[in-house]
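Student: Quick one: the structure is below, and I'll ask about it shortly.
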Amino acid sequence: MTLPAPDRAPATVPWLAITAGCLIAMLTFGPRSAIGFFQLPMLADKGWSREDFAIAIAIQNLFWGAGQPLFGAIADRFGTAKVLVLSGVLYATGLAITAFAPSPLWLTIGSGVLVGLAVAAGSFGIVLAAFARRVAPEQRSFVFGLGTAAGSLGMFVFAPLSQGLIDSFGWADSLLVLSAMMLLVPVLAIGLRGNGNRPKLGKAEIEQTMGAALREAFATKSYLLLTSGFFVCGFQVAFITAHFPAYIADLGIAPVWAVTALALIGFFNVIGSIASGMIGQRYSKPIFLALIYLGRSVVVTVFMLVPASPATVVVFAIVMGLLWLSTVPPTNALVAIMFGTKYLGLLGGLVFFSHQIGSFLGVWLGGKLYAQTGSYDVVWWLGVGMGLFAAIVHWPIREAPVERALAPA
């Protein structure tokens with residue numbers, strides 16, 4: 001379905017703020033997307049189990065999700081830059097603690113709790129909400145695609161960077177290098193000070209309280225369906241991020257192909273995210289999301305059924321990369337369409353919390369079921385079934401603002 005074009009001429013895009021936000025998204029998404037490369041050398045050095053590692057990264061995803069609506073609400077109220085400064089400090093601290101962790105508990109505190117909160121304060125939800133308040137409605141889907149692509153670029157950059165650092169300096173010193181890089185986030189946050197020139201709000205949106213916004217969201221069927229579908233996205237991508245390098249090693253394929261695969265996912269996700277933002281400006285976002293989830297299930301099914309080789313790993317990475325975070329621009333754009341931008345950080349953060357509950361389960365089940373069965377196959381097939389579920393629940397979502405009555409004078 002093609003959406004009607006807006007009648008007015010497009011407004012100027014604030015490129016300085018967009019550039020700063022994109023660089024922050026790249027930095028905050030990069031190290032946590034490359035964490036899988038640290039698993040095997042860390043565990044070999046420390047004598048910990050894959051389940052210990054999986055629990056820490058699962059906790060990271062849970063705190064990322066739980067912190068997202070909280071930091072989103074703070075950014076909505078007090079401005080984005082303050083939250084981003086906190087993100088950089090927490091990120092640097094969490095990675096440094098991980099480098100010196102004497103036990104799995106400290107691994108969970110560093111990589112789990114602190115990095116999880118840091119990513120919550122500086123990832124897509126915070127950055128995209130800031131973008132939405134600085135551009136016209138018809139530009140949102142496109143700039144959401146840019147922000148998501150920047151995060152994907154972080155995966156493309158940090159996958160080979162992390163492996164190269166590990167080969168040269170060892171896993172612990174590599175984490176300290178990444179820790180220092182996270183201190184660039186507070187500097188870049190200067191470009192996103194304040195809440196921008198917030199688009200003109202309707203009277204009903206101006207008078208709406210945060211509590212009323214929450215009640216309205218949870219009474220909206222389309223919002224609940226969107227939230228349940230985004231759970232599946234988290235399950236699928238977090239499992240692959242955390243366990244794919246180990247899965248490739250179990251298949252007897254050289255580690256260089258795991259590095260290549262995650263870098264390719266990051267690179268082609270840049271293309272997929274920008275294309276997703278452009279497609280979302282012209283066509284039905286719910287139907288587009290349904291097709292993305294259906295495509296993921298098909299790709300994983302084929303990958304599991306064909307004989308494993310470096311060639312199949314590369315093809316899988318390219319196609320999955322195109323679908324990787326292409327869900328983010330239309331999902332965030334739908335929340336903005338339904339409820340406006342006043343509480344976008346909060347309401348978008350709650351949708352993302354569902355994503356991170358799925359991430360927690362994907363990472364944790366990966367380690368748990370591997371410990372029980374010696375294989376990741378059950379989790380792969382569970383992800384296929386979830387993808388089909390997500391395709392079904394996105395189909396009936398309405399791409400329209402909620403009907404909102406004005407408060408009485």
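Simple scheme: letters A, B, ... for chains in structure tokens order, numbers from 1 for residues in each chain, numbers from 1 for ligands in the order shown.
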Mind running region 150-234 of chain A against region 266-275 of chain A at 10 Å and telling me each contacting residue's nearest atom pair with the distance in Å (one decimal), counting only C-alpha atoms, chain and number ascending, as CSV?
Tutor:
residue,atom,partner,partner_atom,distance
A:Ala150,CA,A:Val270,CA,6.8
A:Gly151,CA,A:Val270,CA,8.1
A:Ser152,CA,A:Gly266,CA,4.8
A:Leu153,CA,A:Gly266,CA,5.6
A:Gly154,CA,A:Gly266,CA,7.1
A:Met155,CA,A:Gly266,CA,4.7
A:Phe156,CA,A:Gly266,CA,4.1
A:Val157,CA,A:Gly266,CA,7.8
A:Phe158,CA,A:Gly266,CA,9.2
A:Ala159,CA,A:Gly266,CA,8.4
Student: Which residues are near Trp48 (chain A)? Cut-off 12 Å, only C-alpha atoms, ignore same chain within fewer than 4 positions. Put them as a VMD selection string.
Tutor: chain A and resid 39 to 44 52 to 56 101 to 105 107
Student: For Ala308 (chain A), which residue among A:Tyr91, A:Tyr370, A:Phe78, A:Trp257 is the nearest when counting only C-alpha atoms?
Tutor: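 Closest candidate: A:Trp257.
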Student: Determine, counting only C-alpha atoms, which protein, DNA and RNA residues have an atom within 8 Å of an atom of Leu350 (chain A); residues of the same chain fewer than 6 positions away are not included. Present the result as a list in words.
Tutor: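 The residues satisfying every condition are Gly65, Gln68, Pro69 and Thr227 of chain A.
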Student: At a cut-off of 7 Å, using only C-alpha atoms, what residues contact Ile287 (chain A)? Leave out same-chain residues fewer than 4 positions from it and give the result as a PDB file with N, CA and C atoms, in the first residue's frame.
Tutor:
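File around37.pdb, as written:
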ATOM      1  N   LEU A 291       6.797  -8.940   6.372  1.00  0.00           N
ATOM      2  CA  LEU A 291       7.636  -9.571   5.345  1.00  0.00           C
ATOM      3  C   LEU A 291       9.076  -9.738   5.834  1.00  0.00           C
ATOM      4  N   HIS A 394       1.998  -8.715  13.016  1.00  0.00           N
ATOM      5  CA  HIS A 394       2.170  -7.387  12.436  1.00  0.00           C
ATOM      6  C   HIS A 394       1.129  -7.074  11.364  1.00  0.00           C
ATOM      7  N   TRP A 395       0.551  -8.083  10.776  1.00  0.00           N
ATOM      8  CA  TRP A 395      -0.349  -7.855   9.642  1.00  0.00           C
ATOM      9  C   TRP A 395      -1.548  -6.959   9.988  1.00  0.00           C
TER      10      TRP A 395
END
Student: Excluding same-chain residues fewer than 3 positions from Pro396 (chain A), what lies within 10 Å of it counting only C-alpha atoms, as a PyMOL selection string?
Tutor: chain A and resi 221-222+225-226+286-287+290+392-393+399
Student: Determine, counting only C-alpha atoms, which protein, DNA and RNA residues have an atom within 7 Å of an atom of region 333-342 of chain A; residues of the same chain fewer than 4 positions away are not included. Present the result as a JSON list (two decimals) with C-alpha atoms, in the first residue's frame.
Tutor:
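Printed below is selection-v6.json as written:
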[["chain", "number", "residue", "atom", "x", "y", "z"],
["A", 132, "ALA", "CA", 12.01, 12.65, 15.66],
["A", 133, "ARG", "CA", 11.80, 15.93, 17.57],
["A", 140, "ARG", "CA", 11.20, 10.54, 10.28],
["A", 141, "SER", "CA", 11.33, 7.17, 8.58],
["A", 329, "PRO", "CA", 12.93, 2.34, 11.47],
["A", 348, "GLY", "CA", 9.33, 3.60, 22.15],
["A", 399, "GLU", "CA", -0.77, 2.74, 10.69],
["A", 400, "ALA", "CA", -2.74, 5.72, 11.98],
["A", 401, "PRO", "CA", -2.81, 8.13, 14.94],
["A", 402, "VAL", "CA", -4.88, 7.04, 17.91]]
Student: Step one, run DSSP on the backbone; step two, keep only residues of region 115-189 of chain A assigned to alpha helix (DSSP H); then write them as JSON, numbers by chain.
Tutor: {"A": [115, 116, 117, 118, 119, 120, 121, 122, 124, 125, 126, 127, 128, 129, 130, 131, 132, 140, 141, 142, 143, 144, 145, 146, 147, 148, 149, 150, 151, 152, 153, 154, 155, 156, 157, 158, 159, 160, 161, 162, 163, 164, 165, 166, 167, 168, 169, 171, 172, 173, 174, 175, 176, 177, 178, 179, 180, 181, 184, 185, 186, 187, 188]}
Student: I need the residues from that last selection saved to file as a JSON list (two decimals), in the first residue's frame (with C-alpha atoms), if you can.
Tutor:
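That gives us out.json:
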[["chain", "number", "residue", "atom", "x", "y", "z"],
["A", 115, "VAL", "CA", 27.05, -2.06, 29.85],
["A", 116, "GLY", "CA", 23.35, -2.91, 29.63],
["A", 117, "LEU", "CA", 22.38, 0.39, 31.30],
["A", 118, "ALA", "CA", 24.94, 2.24, 29.17],
["A", 119, "VAL", "CA", 23.49, 0.93, 25.92],
["A", 120, "ALA", "CA", 19.99, 1.75, 27.20],
["A", 121, "ALA", "CA", 21.05, 5.35, 27.75],
["A", 122, "GLY", "CA", 22.79, 5.75, 24.41],
["A", 124, "PHE", "CA", 18.64, 3.63, 19.10],
["A", 125, "GLY", "CA", 15.66, 4.54, 21.27],
["A", 126, "ILE", "CA", 17.31, 7.64, 22.72],
["A", 127, "VAL", "CA", 18.93, 8.78, 19.47],
["A", 128, "LEU", "CA", 15.91, 8.16, 17.23],
["A", 129, "ALA", "CA", 13.55, 9.94, 19.64],
["A", 130, "ALA", "CA", 15.90, 12.94, 19.49],
["A", 131, "PHE", "CA", 15.82, 12.77, 15.68],
["A", 132, "ALA", "CA", 12.01, 12.65, 15.66],
["A", 140, "ARG", "CA", 11.20, 10.54, 10.28],
["A", 141, "SER", "CA", 11.33, 7.17, 8.58],
["A", 142, "PHE", "CA", 14.36, 8.21, 6.53],
["A", 143, "VAL", "CA", 16.38, 9.65, 9.46],
["A", 144, "PHE", "CA", 15.40, 6.62, 11.56],
["A", 145, "GLY", "CA", 16.97, 4.52, 8.81],
["A", 146, "LEU", "CA", 20.14, 6.61, 8.97],
["A", 147, "GLY", "CA", 20.40, 6.23, 12.74],
["A", 148, "THR", "CA", 19.83, 2.49, 12.56],
["A", 149, "ALA", "CA", 22.36, 2.17, 9.72],
["A", 150, "ALA", "CA", 24.93, 3.98, 11.86],
["A", 151, "GLY", "CA", 24.47, 1.40, 14.61],
["A", 152, "SER", "CA", 24.90, -1.29, 11.99],
["A", 153, "LEU", "CA", 28.10, 0.38, 10.85],
["A", 154, "GLY", "CA", 29.30, -0.02, 14.42],
["A", 155, "MET", "CA", 28.89, -3.77, 14.04],
["A", 156, "PHE", "CA", 30.79, -3.69, 10.73],
["A", 157, "VAL", "CA", 33.64, -1.64, 12.23],
["A", 158, "PHE", "CA", 33.93, -3.23, 15.66],
["A", 159, "ALA", "CA", 33.79, -6.89, 14.56],
["A", 160, "PRO", "CA", 37.16, -6.86, 12.75],
["A", 161, "LEU", "CA", 38.51, -4.19, 15.12],
["A", 162, "SER", "CA", 37.77, -6.31, 18.20],
["A", 163, "GLN", "CA", 39.25, -9.47, 16.69],
["A", 164, "GLY", "CA", 42.32, -7.57, 15.56],
["A", 165, "LEU", "CA", 42.81, -6.08, 19.03],
["A", 166, "ILE", "CA", 42.39, -9.51, 20.65],
["A", 167, "ASP", "CA", 44.98, -11.04, 18.30],
["A", 168, "SER", "CA", 47.45, -8.22, 19.01],
["A", 169, "PHE", "CA", 46.91, -7.39, 22.70],
["A", 171, "TRP", "CA", 41.11, -9.92, 25.21],
["A", 172, "ALA", "CA", 41.55, -7.96, 28.48],
["A", 173, "ASP", "CA", 43.64, -5.11, 27.06],
["A", 174, "SER", "CA", 41.32, -4.97, 24.06],
["A", 175, "LEU", "CA", 38.40, -4.29, 26.39],
["A", 176, "LEU", "CA", 40.35, -1.40, 27.93],
["A", 177, "VAL", "CA", 40.90, 0.11, 24.48],
["A", 178, "LEU", "CA", 37.17, -0.11, 23.77],
["A", 179, "SER", "CA", 36.49, 1.38, 27.21],
["A", 180, "ALA", "CA", 38.55, 4.45, 26.35],
["A", 181, "MET", "CA", 36.74, 4.84, 23.02],
["A", 184, "LEU", "CA", 33.90, 9.95, 22.97],
["A", 185, "VAL", "CA", 30.15, 9.63, 23.53],
["A", 186, "PRO", "CA", 29.86, 12.53, 26.04],
["A", 187, "VAL", "CA", 31.78, 14.77, 23.63],
["A", 188, "LEU", "CA", 29.49, 13.95, 20.71]]
Student: Compare A:Ala66, A:Ala189, A:Ala371, A:Leu323 by their minimum atom-to-atom distance to Ala81 (chain A), counting only C-alpha atoms, and give me the closest one.
Tutor: A:Ala189
Student: Take CA of Ala34 (chain A) and CA of Thr241 (chain A) and report the distance between them in Å, one decimal.
Tutor: 7.2 Å
